Amino acid sequence: MTMKANLSYLIFLFSVLVSCQSVTTDTFQNPLLETGLNPSCVFYNGVYYYTQGNNSSIQIWETTDITKLNEAKTKQVWAAENPDSMQNIWAPDLQRIDGKWYIYMSAGNSNRASRHIYVLENTAEKPTEGTFMLKGMITLDAGSNWGIEPTSFVHKGKQYLVWAGQEEDALQLGFETKINLYIALMENPWTLASERVLISKPEFEWEREWINEDGIRAAKPYYCNESPAFTYSPDSTQLEIFFNSNSFSTVYHCVGVITAQAEANLLDASSWIKNPEPVFLQNPTDSVLGPGGLCFIPSSDGTESYLLYHARSDMTTQQNAKGQPNSSPRLQKIVWGKDGLPSQEMKLGTE
């Protein structure tokens, strides 16, 4: 499939209906699936392998045409032996590293304070074959092992883990009042080789919105940076980590980004610079609310970049009539700006 956007105007605040040209189809329609949070996808040997958050199991969609995800073959590749202790699997992140498949995820019981990060491994050529084995929980920090929504990447031959976590004192409060982004070097795909380093925390006003438009608010102020998503700038000179900010239950749920130069020390917090403004906001005109959960994929011919993300059409409830997340995965072509980030026109949503 070759995806070339056929847009009448440049807008990157996530339109519901997206047109594109392809060798297999002239148009595709968002959302790609009826429901789904935190999409993750790897393009490997001409095939897109897709997964998303679930309750106590993980499914993988297999397709050569990501625009037809709803027609893809689907297989359950892992399920918790004890769903009571590992439920609400958040943001499973599919990765191909050193010839093996890995899924990084956060899970826990009904107590939100129990959430930890786990990793699965599969040595088969395709993630829909073989068996994903639970390698175990990743020890994050002696003071606070609480962590959610991990991702991993390899840069200059070294593997890193990035996740959303808390300082020890915040966790002891029994409620996630402030969630930060951390990075650590990995010894292997299931073990850290360094102390965690805080690289982003909610500091700007747009990262600290916790009261909804209707006045509904959490029990305490809720400030967060979470759901990190890694990519390179088009010229590979800049590393970029996009993240969600603000509660998923508010209209202020948006996306920010931090960047580091390719030659920088990634374990030096000062190497990471935060964009002072959010990159992607809601687009009520096209019924795209609460965008986040980013994942970057190429077109099948490698000439274009596309973004998978989740968004909601209705903010009145977090679940649909079937009890599923009231959010769905969508697809959008990326047009890059001169600064290596999505173009200014796209993130402002101007015609």
# chains A, B, ... in the order shown; residues from 1 in each chain; ligands from 1
$ select_by_dssp --residues "stretch 87-332 of chain A" --states "strand (DSSP E)" --output "PyMOL selection string"
chain A and resi 87-97+100-108+116-122+133-137+147-155+158-165+178-188+191-192+197-200+223-232+238-245+254-261+273-274+289-298+305-312+328-332
$ residues_around --residues "A:Leu120" --least-positions-apart "2" --cutoff "7 Å" --atoms "only C-alpha atoms" --output "list of chain:residue names"
A:Tyr102, A:Ile103, A:Tyr104, A:Tyr118, A:Asn122, A:Phe132, A:Met133, A:Leu134, A:Lys135
$ write_last_selection --atoms "all heavy atoms" --output "compact mmCIF listing (two decimals), in the first residue's frame"
# COMPACT_ATOMS: atom_id res chain seq x y z
N TYR A 102 9.05 -7.96 21.37
CA TYR A 102 8.80 -7.64 22.77
C TYR A 102 7.53 -6.79 22.87
O TYR A 102 7.23 -5.99 21.98
CB TYR A 102 9.98 -6.87 23.38
CG TYR A 102 11.24 -7.70 23.48
CD1 TYR A 102 12.18 -7.72 22.46
CD2 TYR A 102 11.46 -8.52 24.59
CE1 TYR A 102 13.31 -8.51 22.53
CE2 TYR A 102 12.60 -9.31 24.68
CZ TYR A 102 13.51 -9.30 23.64
OH TYR A 102 14.63 -10.10 23.71
N ILE A 103 6.82 -6.99 23.95
CA ILE A 103 5.68 -6.14 24.27
C ILE A 103 5.91 -5.59 25.67
O ILE A 103 6.02 -6.34 26.65
CB ILE A 103 4.34 -6.90 24.22
CG1 ILE A 103 4.05 -7.37 22.78
CG2 ILE A 103 3.21 -6.00 24.72
CD1 ILE A 103 2.78 -8.19 22.65
N TYR A 104 6.00 -4.27 25.75
CA TYR A 104 6.12 -3.59 27.04
C TYR A 104 4.72 -3.10 27.42
O TYR A 104 3.99 -2.57 26.59
CB TYR A 104 7.09 -2.41 26.93
CG TYR A 104 8.51 -2.87 26.68
CD1 TYR A 104 8.98 -3.05 25.38
CD2 TYR A 104 9.36 -3.14 27.74
CE1 TYR A 104 10.27 -3.49 25.15
CE2 TYR A 104 10.66 -3.59 27.51
CZ TYR A 104 11.10 -3.76 26.20
OH TYR A 104 12.38 -4.22 25.98
N TYR A 118 5.71 -4.48 32.84
CA TYR A 118 6.10 -5.84 32.53
C TYR A 118 6.54 -5.93 31.07
O TYR A 118 6.22 -5.06 30.25
CB TYR A 118 4.92 -6.79 32.76
CG TYR A 118 4.42 -6.84 34.18
CD1 TYR A 118 3.48 -5.91 34.65
CD2 TYR A 118 4.88 -7.80 35.08
CE1 TYR A 118 3.03 -5.94 35.95
CE2 TYR A 118 4.42 -7.84 36.38
CZ TYR A 118 3.50 -6.91 36.81
OH TYR A 118 3.05 -6.94 38.12
N ASN A 122 8.95 -12.88 22.49
CA ASN A 122 8.60 -13.90 21.51
C ASN A 122 9.73 -14.00 20.49
O ASN A 122 10.12 -13.01 19.88
CB ASN A 122 7.29 -13.53 20.80
CG ASN A 122 6.77 -14.61 19.87
OD1 ASN A 122 7.48 -15.58 19.57
ND2 ASN A 122 5.55 -14.46 19.41
N PHE A 132 4.41 -15.65 23.22
CA PHE A 132 4.91 -14.56 24.05
C PHE A 132 5.02 -15.06 25.49
O PHE A 132 4.03 -15.48 26.09
CB PHE A 132 3.98 -13.35 23.98
CG PHE A 132 4.27 -12.43 22.83
CD1 PHE A 132 3.55 -12.56 21.64
CD2 PHE A 132 5.26 -11.47 22.92
CE1 PHE A 132 3.81 -11.71 20.56
CE2 PHE A 132 5.52 -10.63 21.85
CZ PHE A 132 4.81 -10.75 20.67
N MET A 133 6.23 -15.01 26.02
CA MET A 133 6.50 -15.44 27.39
C MET A 133 6.69 -14.21 28.28
O MET A 133 7.36 -13.25 27.90
CB MET A 133 7.74 -16.32 27.44
CG MET A 133 7.68 -17.54 26.53
SD MET A 133 6.35 -18.70 26.99
CE MET A 133 6.93 -19.22 28.62
N LEU A 134 6.12 -14.27 29.47
CA LEU A 134 6.28 -13.18 30.42
C LEU A 134 7.68 -13.23 31.02
O LEU A 134 8.03 -14.16 31.74
CB LEU A 134 5.23 -13.29 31.53
CG LEU A 134 5.27 -12.22 32.62
CD1 LEU A 134 4.99 -10.84 32.03
CD2 LEU A 134 4.26 -12.55 33.72
N LYS A 135 8.50 -12.22 30.71
CA LYS A 135 9.85 -12.15 31.27
C LYS A 135 9.84 -11.64 32.70
O LYS A 135 10.78 -11.89 33.45
CB LYS A 135 10.74 -11.25 30.40
CG LYS A 135 10.92 -11.73 28.97
CD LYS A 135 11.67 -13.05 28.91
CE LYS A 135 13.12 -12.91 29.29
NZ LYS A 135 13.88 -14.16 29.06
$ residues_around --residues "A:Thr67" --least-positions-apart "3" --cutoff "9 Å" --atoms "only C-alpha atoms" --output "PyMOL selection string"
chain A and resi 25+27-30+32+70+331
$ atom_distance --atom1 "atom CA of A:Ser227" --atom2 "atom CA of A:Gly147"
10.8 Å
$ select_by_dssp --residues "stretch 25-115 of chain A" --states "helix (DSSP H, G or I)" --output "list in words"
Ile66, Thr67, Lys68, Leu69, Asn70, Glu71, Arg112, Ala113 and Ser114 of chain A
$ write_last_selection --atoms "N, CA and C atoms" --output "PDB file, in the first residue's frame"
ATOM      1  N   ILE A  66      -2.893  -0.830   6.499  1.00  0.00           N
ATOM      2  CA  ILE A  66      -3.293  -0.337   7.812  1.00  0.00           C
ATOM      3  C   ILE A  66      -4.616   0.417   7.745  1.00  0.00           C
ATOM      4  N   THR A  67      -4.996   0.921   6.570  1.00  0.00           N
ATOM      5  CA  THR A  67      -6.267   1.634   6.445  1.00  0.00           C
ATOM      6  C   THR A  67      -7.465   0.691   6.531  1.00  0.00           C
ATOM      7  N   LYS A  68      -7.204  -0.610   6.400  1.00  0.00           N
ATOM      8  CA  LYS A  68      -8.270  -1.607   6.501  1.00  0.00           C
ATOM      9  C   LYS A  68      -8.104  -2.453   7.763  1.00  0.00           C
ATOM     10  N   LEU A  69      -7.749  -1.784   8.840  1.00  0.00           N
ATOM     11  CA  LEU A  69      -7.496  -2.487  10.092  1.00  0.00           C
ATOM     12  C   LEU A  69      -8.706  -3.280  10.563  1.00  0.00           C
ATOM     13  N   ASN A  70      -9.896  -2.782  10.288  1.00  0.00           N
ATOM     14  CA  ASN A  70     -11.109  -3.485  10.729  1.00  0.00           C
ATOM     15  C   ASN A  70     -11.329  -4.800   9.981  1.00  0.00           C
ATOM     16  N   GLU A  71     -10.593  -5.022   8.882  1.00  0.00           N
ATOM     17  CA  GLU A  71     -10.678  -6.276   8.140  1.00  0.00           C
ATOM     18  C   GLU A  71      -9.491  -7.196   8.421  1.00  0.00           C
ATOM     19  N   ARG A 112      -5.093   1.268  41.687  1.00  0.00           N
ATOM     20  CA  ARG A 112      -4.225   1.968  40.748  1.00  0.00           C
ATOM     21  C   ARG A 112      -2.795   2.064  41.245  1.00  0.00           C
ATOM     22  N   ALA A 113      -2.610   2.049  42.561  1.00  0.00           N
ATOM     23  CA  ALA A 113      -1.265   2.136  43.112  1.00  0.00           C
ATOM     24  C   ALA A 113      -0.457   0.873  42.871  1.00  0.00           C
ATOM     25  N   SER A 114      -1.091  -0.196  42.377  1.00  0.00           N
ATOM     26  CA  SER A 114      -0.395  -1.467  42.167  1.00  0.00           C
ATOM     27  C   SER A 114       0.235  -1.576  40.787  1.00  0.00           C
TER      28      SER A 114
END
$ closest_residue --among "A:Thr35, A:Thr191, A:Asn111, A:Gln159" --to "A:Asp141" --atoms "only C-alpha atoms"
A:Thr191
$ closest_atom_pairs --of "stretch 96-201 of chain A" --to "stretch 255-275 of chain A" --cutoff "12 Å" --atoms "only C-alpha atoms" --output "JSON lines"
{"residue": "A:Phe153", "atom": "CA", "partner": "A:Leu266", "partner_atom": "CA", "distance": 11.8}
{"residue": "A:Val154", "atom": "CA", "partner": "A:Leu266", "partner_atom": "CA", "distance": 11.5}
{"residue": "A:His155", "atom": "CA", "partner": "A:Ala262", "partner_atom": "CA", "distance": 8.3}
{"residue": "A:Lys156", "atom": "CA", "partner": "A:Ala262", "partner_atom": "CA", "distance": 8.8}
{"residue": "A:Lys158", "atom": "CA", "partner": "A:Leu266", "partner_atom": "CA", "distance": 10.5}
{"residue": "A:Gln159", "atom": "CA", "partner": "A:Leu266", "partner_atom": "CA", "distance": 10.9}
{"residue": "A:Tyr160", "atom": "CA", "partner": "A:Leu266", "partner_atom": "CA", "distance": 8.9}
{"residue": "A:Leu161", "atom": "CA", "partner": "A:Leu267", "partner_atom": "CA", "distance": 10.9}
{"residue": "A:Val162", "atom": "CA", "partner": "A:Leu266", "partner_atom": "CA", "distance": 10.9}
{"residue": "A:Leu181", "atom": "CA", "partner": "A:Ile258", "partner_atom": "CA", "distance": 10.2}
{"residue": "A:Tyr182", "atom": "CA", "partner": "A:Ala269", "partner_atom": "CA", "distance": 9.4}
{"residue": "A:Ile183", "atom": "CA", "partner": "A:Leu267", "partner_atom": "CA", "distance": 7.0}
{"residue": "A:Ala184", "atom": "CA", "partner": "A:Leu267", "partner_atom": "CA", "distance": 6.9}
{"residue": "A:Leu185", "atom": "CA", "partner": "A:Leu267", "partner_atom": "CA", "distance": 7.6}
{"residue": "A:Met186", "atom": "CA", "partner": "A:Leu267", "partner_atom": "CA", "distance": 11.4}
{"residue": "A:Ala193", "atom": "CA", "partner": "A:Leu267", "partner_atom": "CA", "distance": 11.4}
{"residue": "A:Ser194", "atom": "CA", "partner": "A:Leu267", "partner_atom": "CA", "distance": 8.8}
{"residue": "A:Glu195", "atom": "CA", "partner": "A:Leu267", "partner_atom": "CA", "distance": 9.1}
{"residue": "A:Arg196", "atom": "CA", "partner": "A:Leu267", "partner_atom": "CA", "distance": 8.3}
{"residue": "A:Val197", "atom": "CA", "partner": "A:Leu267", "partner_atom": "CA", "distance": 6.3}
{"residue": "A:Leu198", "atom": "CA", "partner": "A:Ala269", "partner_atom": "CA", "distance": 6.5}
{"residue": "A:Ile199", "atom": "CA", "partner": "A:Ala269", "partner_atom": "CA", "distance": 5.1}
{"residue": "A:Ser200", "atom": "CA", "partner": "A:Lys274", "partner_atom": "CA", "distance": 7.5}
{"residue": "A:Lys201", "atom": "CA", "partner": "A:Lys274", "partner_atom": "CA", "distance": 9.6}
$ write_last_selection --atoms "C-alpha atoms" --output "PDB file, in the first residue's frame"
ATOM      1  CA  PHE A 153      13.879   2.364  21.553  1.00  0.00           C
ATOM      2  CA  VAL A 154      17.422   1.618  20.407  1.00  0.00           C
ATOM      3  CA  HIS A 155      19.765   4.511  19.609  1.00  0.00           C
ATOM      4  CA  LYS A 156      23.409   4.109  18.573  1.00  0.00           C
ATOM      5  CA  LYS A 158      21.976   1.160  23.111  1.00  0.00           C
ATOM      6  CA  GLN A 159      18.452   0.356  24.276  1.00  0.00           C
ATOM      7  CA  TYR A 160      16.466   2.759  26.443  1.00  0.00           C
ATOM      8  CA  LEU A 161      13.182   2.520  28.333  1.00  0.00           C
ATOM      9  CA  VAL A 162      10.905   5.549  28.738  1.00  0.00           C
ATOM     10  CA  LEU A 181       8.434  10.949  32.291  1.00  0.00           C
ATOM     11  CA  TYR A 182      11.578   8.978  33.082  1.00  0.00           C
ATOM     12  CA  ILE A 183      14.303   7.374  30.971  1.00  0.00           C
ATOM     13  CA  ALA A 184      16.851   4.655  31.767  1.00  0.00           C
ATOM     14  CA  LEU A 185      19.475   2.668  29.893  1.00  0.00           C
ATOM     15  CA  MET A 186      18.730  -1.053  29.528  1.00  0.00           C
ATOM     16  CA  ALA A 193      21.271  -0.777  33.517  1.00  0.00           C
ATOM     17  CA  SER A 194      21.049   2.709  35.022  1.00  0.00           C
ATOM     18  CA  GLU A 195      19.140   4.786  37.510  1.00  0.00           C
ATOM     19  CA  ARG A 196      16.030   6.441  36.175  1.00  0.00           C
ATOM     20  CA  VAL A 197      16.365  10.045  35.015  1.00  0.00           C
ATOM     21  CA  LEU A 198      13.478  12.502  35.084  1.00  0.00           C
ATOM     22  CA  ILE A 199      13.217  14.115  31.637  1.00  0.00           C
ATOM     23  CA  SER A 200       9.803  15.796  31.718  1.00  0.00           C
ATOM     24  CA  LYS A 201       7.322  16.937  34.334  1.00  0.00           C
TER      25      LYS A 201
END
$ atom_distance --atom1 "atom CA of A:Trp163" --atom2 "atom CA of A:Glu149"
5.8 Å
$ atom_distance --atom1 "atom CA of A:Gly53" --atom2 "atom CA of A:Tyr223"
22.1 Å
$ closest_residue --among "A:Asp84, A:Glu125, A:Glu62, A:Asp339" --to "A:Ser233" --atoms "only C-alpha atoms"
A:Asp339
$ residues_around --residues "A:Cys295" --least-positions-apart "4" --cutoff "12 Å" --atoms "only C-alpha atoms" --output "count of residues only"
39
$ closest_residue --among "A:Asp65, A:Glu34, A:Glu207, A:Asp314" --to "A:Asp301" --atoms "only C-alpha atoms"
A:Asp65
$ residues_around --residues "A:Leu341" --least-positions-apart "3" --cutoff "9 Å" --atoms "only C-alpha atoms" --output "list of chain:residue names"
A:Ser233, A:Pro234, A:Glu240, A:Val279, A:Val335, A:Trp336, A:Gly337, A:Lys338, A:Gln344
$ closest_residue --among "A:Ser106, A:Thr128, A:Ser247, A:Glu168" --to "A:Ala142" --atoms "only C-alpha atoms"
A:Glu168
$ closest_residue --among "A:Gln166, A:Ser313, A:Ser300, A:Asn246" --to "A:Asn283" --atoms "only C-alpha atoms"
A:Ser313
